[in-house]
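All remarks here apply to the structure that follows.
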Amino acid sequence: MKKTNWLLLVLALVLSMFLVACSGGDSTDEGSSDDGSTDTEQDSGSDSEGDSEAASGEQVLNLIDGAEIPTMDASLATDAVAFQWLGSTMDGLYRLGENAEPEPGIAKDHTVSDDALTWTFNLRDDAVWSNGDPVTAEDFVYAWQRAVDPDTGSEYGPYMMGGVIKNATDIAAGDTPVEELGVKAVDETTLEVTLEKPIPYFESLTTFGTFLPLNQAFVEEQGDQYALEADTLLSNGPFVMTEWSHGEGWTLEKNEDYWDAENVKLSGINVKVVKDTATGVNLYETGEIDRAGLSAEFVDQYRTSEDFRIEEEPVLFYLKMNQEANEILGNVNARKAIQHVIDRQSMVDVILNNGSIPAVGDIPGNFVSHPESGEDFRELNGDLVTNDVDKAQELWTTAKEELGIDTAELNYLGGDTEVAKNLDAYIKDQLEKLEGLTVNVQSVPFQERLDRDTSMDYELQNSGWGPDYIDPNTFLNMWVTDGGNNKTGYANEDYDAMIEKANNELAQKPVERFELFLEAEKKLIQEDAVLAPLYQRAVAQLWKPHVKGVIVNPMGPDYNYKHAYIEGK
């Protein structure tokens with residue numbers, strides 16, 4: 001998820017680690033950090049009508065998050081924290097429901113032309129903004145144009161819409177007027193979208209935060225203060241943000257004007273920013289919060305509790321290596337040495353101890369399957385990296401000879417949460433097994449990490465990504481030359497051509513497309529060593545049994561609280 005396009009993330013690791021941005025980062029307990037922590041339907045129950053009717057007691061959910069919300073502007077959001085709370089307060093055309101299936105939002109339904117290029121969405125006429133204005137097709141036109149307008153400075157707009165919505169790439173480059181974007185309001189309740197090419201996952205994309213509507217009059221009235229405070233926001237979703245104490249927390253209340261308000265059972269959600277795992281656990285034990293993330297030392301303590309949950313997520317963490325910032329990282333043998341020196345198994349077993357598993361490629365396990373055989377992508381491509389210290393030392397020796405150096409020093413950008421610091425210390429120790437290497441860890445807040453990633457002001461960085469849509473492209477497309485989320489300096493024409501072919505020539509040939517993605521991942525990780533995979537995240541948490549109906553998402557907002565309720569508290 002940095003999803004500078006669609007977002008994870010950000011380990012939200014347990015209570016925290018790295019916020020994956022729909023992108024990378026640090027997170028903390030809530031699992032809604034930027035890496036997109038998810039919990040499966042754990043005992044949170046289902047959102048069936050029968051369960052909904054069981055709601056009783058005070059319908060308030062109390063949570064913690066490991067980081068401040070960087071922004072509530074859908075055009076500027078790039079991380080899992082922002083996308084979580086945008087998804088809670090806003091409706092797009094569709095939203096993710098159970099089993100990651102899109103369910104109606106502002107769109108009641110849609111039709112697709114025979115050539116798969118024109119999508120026509122029929123919008124409901126009973127949706128309103130929290131100021132009483134109707135939600136119309138023009139709100140989507142304005143929002144999508146704003147997201148790709150170069151004057152806006154959006155990362156995700158060009159990333160998510162480029163090559164997808166007609167003319168988005170040229171508009172983002174400043175070569176075409178924003179009015180030429182392939183989106184049109186036929187009338188107030190009919191939205192017509194023209195794609196650049198057939199997009200197999202477009203319906204899934206419409207659930208992502210970058211595609212949310214915006215009320216033009218309100219946004220322009222607020223100017224540069226838009227989305228910076230609770231009173232400079234508008235909602236059209238299940239909840240409205242009524243308080244936002246920056247750095248401390250925020251409060252959501254049920255949106256009584258929401259088109260589907262009768263099916264929203266919670267009256268409110270309170271969120272505190274807590275970066276320390278022990279503090280979160282204490283708040284949980286005293287009944288002040290309903291969910292707490294667990295770091296390694298707490299997992300064994302609570303493993304037998306009925307409140308304990310471990311959920312595997314399609315979220316990856318890895319070391320990004322800035323090939324432009326340090327000549328050492330510009331050397332492929334040095335990067336391969338870094339890949340092979342890290343003992344990932346001990347890292348997940350001892351340091352994380354939360355169900356996470358070693359990452360061995362750029363695509364997580366149990367995420368996408370071969371369209372014919374049904375085999376898992378990860379199983380088909382196998383382990384593209386291994387822990388082999390002897391091999392790592394040989395590669396490192398070769399790299400030093402090629403670079404003409406005996407010793408080396410690298411700066412490592414990490415997070416400021418407790419769990420992040422523990423993990424970063426472990427990785428530093430692992431990397432310094434390479435003879436003559438010194439690693440300097442810099443622990444910074446999540447927002448600073450996002451800013452420094454954007455400006456490529458780092459050498460090594462512990463980063464994470466959660467999917468923006470259910471397709472291998474959401475991970476592999478990040479690394480094309482000058483890609484909005486690349487930020488590593490990696491540029492390879494052959495790799496670019498593979499991704500281009502998969503998304504154009506093979507767009508409607510699912511088997512060939514999938515198999516080309518398999519080859520692209522091998523090139524990215526095995527041949528060019530662009531990243532050093534670390535782990536696929538799982539989240540260990542405590543959940544109060546009275547919390548029901550929470551849907552856990554594999555992409556976008558980690559959780560859907562629309563159908564949540566409190567039973568018998």
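Here, A, B, ... name the chains of the structure tokens in the order displayed, residue numbers run from 1 inside each chain, and ligands are numbered from 1 in the same displayed order.
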> Looking only at the backbone, which of the residues in range 248-306 of chain A does DSSP tag as strand (DSSP E), as a list in words?
Replying inline: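 Filtering range 248-306 of chain A to strand (DSSP E) leaves Gly249, Trp250, Thr251, Leu252, Glu253, Lys254, Gly268, Ile269, Asn270, Val271, Lys272, Val273, Arg291, Ala292 and Gly293 of chain A.
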Suppose we keep all heavy atoms; can you now write the selection as a CSV table (one decimal), in the first residue's frame?
chain,number,residue,atom,x,y,z
A,249,GLY,N,-5.4,12.0,18.8
A,249,GLY,CA,-6.5,11.1,18.4
A,249,GLY,C,-7.6,11.8,17.6
A,249,GLY,O,-7.5,13.0,17.3
A,250,TRP,N,-8.7,11.1,17.4
A,250,TRP,CA,-9.8,11.7,16.6
A,250,TRP,C,-11.1,10.9,17.0
A,250,TRP,O,-11.0,9.8,17.6
A,250,TRP,CB,-9.6,11.6,15.1
A,250,TRP,CG,-9.1,10.3,14.6
A,250,TRP,CD1,-9.8,9.3,14.1
A,250,TRP,CD2,-7.7,9.9,14.5
A,250,TRP,NE1,-9.0,8.2,13.7
A,250,TRP,CE2,-7.7,8.6,14.0
A,250,TRP,CE3,-6.5,10.5,14.9
A,250,TRP,CZ2,-6.5,7.8,13.7
A,250,TRP,CZ3,-5.3,9.7,14.6
A,250,TRP,CH2,-5.3,8.4,14.1
A,251,THR,N,-12.2,11.6,16.7
A,251,THR,CA,-13.5,11.0,17.1
A,251,THR,C,-14.4,11.0,15.8
A,251,THR,O,-14.5,12.0,15.1
A,251,THR,CB,-14.2,11.8,18.2
A,251,THR,OG1,-13.4,11.8,19.4
A,251,THR,CG2,-15.6,11.3,18.5
A,252,LEU,N,-15.0,9.9,15.6
A,252,LEU,CA,-16.0,9.7,14.5
A,252,LEU,C,-17.4,9.5,15.1
A,252,LEU,O,-17.5,8.8,16.1
A,252,LEU,CB,-15.7,8.6,13.6
A,252,LEU,CG,-14.7,8.8,12.4
A,252,LEU,CD1,-13.4,9.3,12.9
A,252,LEU,CD2,-14.5,7.5,11.6
A,253,GLU,N,-18.4,10.1,14.5
A,253,GLU,CA,-19.8,9.8,14.9
A,253,GLU,C,-20.6,9.3,13.8
A,253,GLU,O,-20.3,9.6,12.6
A,253,GLU,CB,-20.4,11.1,15.5
A,253,GLU,CG,-19.8,11.6,16.8
A,253,GLU,CD,-20.5,12.8,17.4
A,253,GLU,OE1,-21.5,13.3,16.8
A,253,GLU,OE2,-20.0,13.3,18.4
A,254,LYS,N,-21.6,8.6,14.0
A,254,LYS,CA,-22.5,8.1,13.0
A,254,LYS,C,-23.0,9.2,12.2
A,254,LYS,O,-23.5,10.3,12.7
A,254,LYS,CB,-23.6,7.3,13.6
A,254,LYS,CG,-24.6,6.7,12.5
A,254,LYS,CD,-25.7,5.9,13.1
A,254,LYS,CE,-26.7,5.4,12.1
A,254,LYS,NZ,-27.8,4.6,12.7
A,268,GLY,N,-20.5,5.7,17.3
A,268,GLY,CA,-19.2,6.5,17.2
A,268,GLY,C,-18.0,5.6,17.3
A,268,GLY,O,-18.1,4.4,17.7
A,269,ILE,N,-16.9,6.1,17.0
A,269,ILE,CA,-15.6,5.5,17.1
A,269,ILE,C,-14.6,6.5,17.6
A,269,ILE,O,-14.4,7.6,17.1
A,269,ILE,CB,-15.0,5.0,15.7
A,269,ILE,CG1,-16.1,4.1,15.0
A,269,ILE,CG2,-13.7,4.3,15.8
A,269,ILE,CD1,-15.7,3.7,13.6
A,270,ASN,N,-13.9,6.1,18.7
A,270,ASN,CA,-12.9,7.0,19.3
A,270,ASN,C,-11.5,6.4,19.1
A,270,ASN,O,-11.3,5.2,19.3
A,270,ASN,CB,-13.1,7.1,20.8
A,270,ASN,CG,-14.5,7.7,21.2
A,270,ASN,OD1,-14.9,8.7,20.6
A,270,ASN,ND2,-15.2,7.1,22.2
A,271,VAL,N,-10.6,7.2,18.6
A,271,VAL,CA,-9.2,6.7,18.3
A,271,VAL,C,-8.2,7.5,19.1
A,271,VAL,O,-8.2,8.7,19.0
A,271,VAL,CB,-8.9,6.7,16.8
A,271,VAL,CG1,-7.6,6.1,16.5
A,271,VAL,CG2,-10.0,6.0,16.0
A,272,LYS,N,-7.3,6.8,19.8
A,272,LYS,CA,-6.2,7.5,20.4
A,272,LYS,C,-4.9,7.1,19.7
A,272,LYS,O,-4.7,5.9,19.3
A,272,LYS,CB,-6.0,7.0,21.9
A,272,LYS,CG,-7.2,7.5,22.8
A,272,LYS,CD,-6.9,7.0,24.2
A,272,LYS,CE,-8.0,7.4,25.2
A,272,LYS,NZ,-7.8,6.9,26.6
A,273,VAL,N,-3.9,8.0,19.6
A,273,VAL,CA,-2.6,7.7,19.0
A,273,VAL,C,-1.7,7.1,20.2
A,273,VAL,O,-1.5,7.8,21.1
A,273,VAL,CB,-2.0,8.9,18.4
A,273,VAL,CG1,-0.6,8.6,17.9
A,273,VAL,CG2,-2.8,9.4,17.2
A,291,ARG,N,-9.4,-3.0,21.0
A,291,ARG,CA,-8.5,-3.8,20.2
A,291,ARG,C,-7.1,-3.3,20.6
A,291,ARG,O,-6.8,-2.1,20.7
A,291,ARG,CB,-8.7,-3.7,18.7
A,291,ARG,CG,-7.7,-4.4,17.9
A,291,ARG,CD,-8.1,-4.4,16.4
A,291,ARG,NE,-7.9,-3.1,15.8
A,291,ARG,CZ,-8.8,-2.6,15.0
A,291,ARG,NH1,-9.9,-3.2,14.7
A,291,ARG,NH2,-8.6,-1.4,14.5
A,292,ALA,N,-6.1,-4.3,20.7
A,292,ALA,CA,-4.7,-3.9,21.0
A,292,ALA,C,-3.8,-4.8,20.2
A,292,ALA,O,-4.0,-6.0,20.1
A,292,ALA,CB,-4.4,-4.0,22.5
A,293,GLY,N,-2.8,-4.2,19.6
A,293,GLY,CA,-1.8,-5.0,18.9
A,293,GLY,C,-0.8,-5.6,19.9
A,293,GLY,O,-0.5,-4.9,20.9
> Restricting the calculation to only C-alpha atoms, which member of A:Glu519, A:Asp528, A:Asp139, A:Glu288 is positioned closest to Leu329 in chain A?
Replying inline: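 Under the stated criterion, the closest residue is A:Asp528.
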>> So that I can see what lies close to Thr111 in chain A, please list as a list in words the residues with an atom at most 8 Å from it, counting only C-alpha atoms and leaving out residues fewer than 5 positions away in the same chain.
In response: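 So the residues in contact are Trp119, Thr120 and Phe121 of chain A.
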> Quick one: residues within 10 Å of Gly414 in chain A, only C-alpha atoms counted, chain neighbours fewer than 4 positions away excluded, as an MDAnalysis selection string?
Replying inline: chainID A and resid 17:18 25:26 420:421 423:425 441:446 449 458 460:463
Now that the selection is made, can you save its residues with C-alpha atoms as a PDB file, in the first residue's frame?
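Writing done, so here's result_12.pdb:
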ATOM      1  CA  MET A  17       5.639  -1.133  13.341  1.00  0.00           C
ATOM      2  CA  PHE A  18       5.864   0.211  10.054  1.00  0.00           C
ATOM      3  CA  GLY A  25       6.039   3.182   7.134  1.00  0.00           C
ATOM      4  CA  ASP A  26       5.657   2.417  10.729  1.00  0.00           C
ATOM      5  CA  ALA A 420      10.075  -0.716  14.771  1.00  0.00           C
ATOM      6  CA  LYS A 421      13.141   0.098  16.838  1.00  0.00           C
ATOM      7  CA  LEU A 423      13.212  -4.801  14.398  1.00  0.00           C
ATOM      8  CA  ASP A 424      15.595  -2.192  13.002  1.00  0.00           C
ATOM      9  CA  ALA A 425      18.192  -3.082  15.635  1.00  0.00           C
ATOM     10  CA  VAL A 441      19.987   3.645  12.150  1.00  0.00           C
ATOM     11  CA  GLN A 442      17.904   6.812  12.065  1.00  0.00           C
ATOM     12  CA  SER A 443      14.548   6.443  13.878  1.00  0.00           C
ATOM     13  CA  VAL A 444      11.986   9.006  12.719  1.00  0.00           C
ATOM     14  CA  PRO A 445       8.191   9.505  12.904  1.00  0.00           C
ATOM     15  CA  PHE A 446       6.002   8.019  10.192  1.00  0.00           C
ATOM     16  CA  ARG A 449       9.550   8.719   6.702  1.00  0.00           C
ATOM     17  CA  TYR A 458      17.480   7.866   2.435  1.00  0.00           C
ATOM     18  CA  LEU A 460      18.394   1.968   3.233  1.00  0.00           C
ATOM     19  CA  GLN A 461      14.793   2.039   4.383  1.00  0.00           C
ATOM     20  CA  ASN A 462      12.512  -0.474   6.080  1.00  0.00           C
ATOM     21  CA  SER A 463       9.355  -0.062   4.021  1.00  0.00           C
TER      22      SER A 463
END
>> Could you go through range 157-344 of chain A and tell me which residues DSSP, when run on the backbone, assigns to helix (DSSP H, G or I), listing them as a ChimeraX atom specification?
In response: /A:157-161,168-172,178-180,202-205,209-211,216-225,230-232,261-263,277-285,296-302,332-341,344
> From the set A:Leu266, A:Ala173, A:Ile69, A:Leu191, which residue has the shortest atom-to-atom contact distance to Leu93 in chain A, counting only C-alpha atoms?
Replying inline: A:Leu191
>> Residues within 6 Å of Leu181 in chain A, please, as a PyMOL selection string. Count only C-alpha atoms; anything in the same chain fewer than 3 positions from it doesn't count.
In response: chain A and resi 166-168+178
> Using only C-alpha atoms, which of A:Ile551, A:Ser245, A:Asp91, A:Gly483 sits nearest Thr169 in chain A?
Replying inline: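 Closest to Thr169 in chain A, using only C-alpha atoms: A:Gly483.
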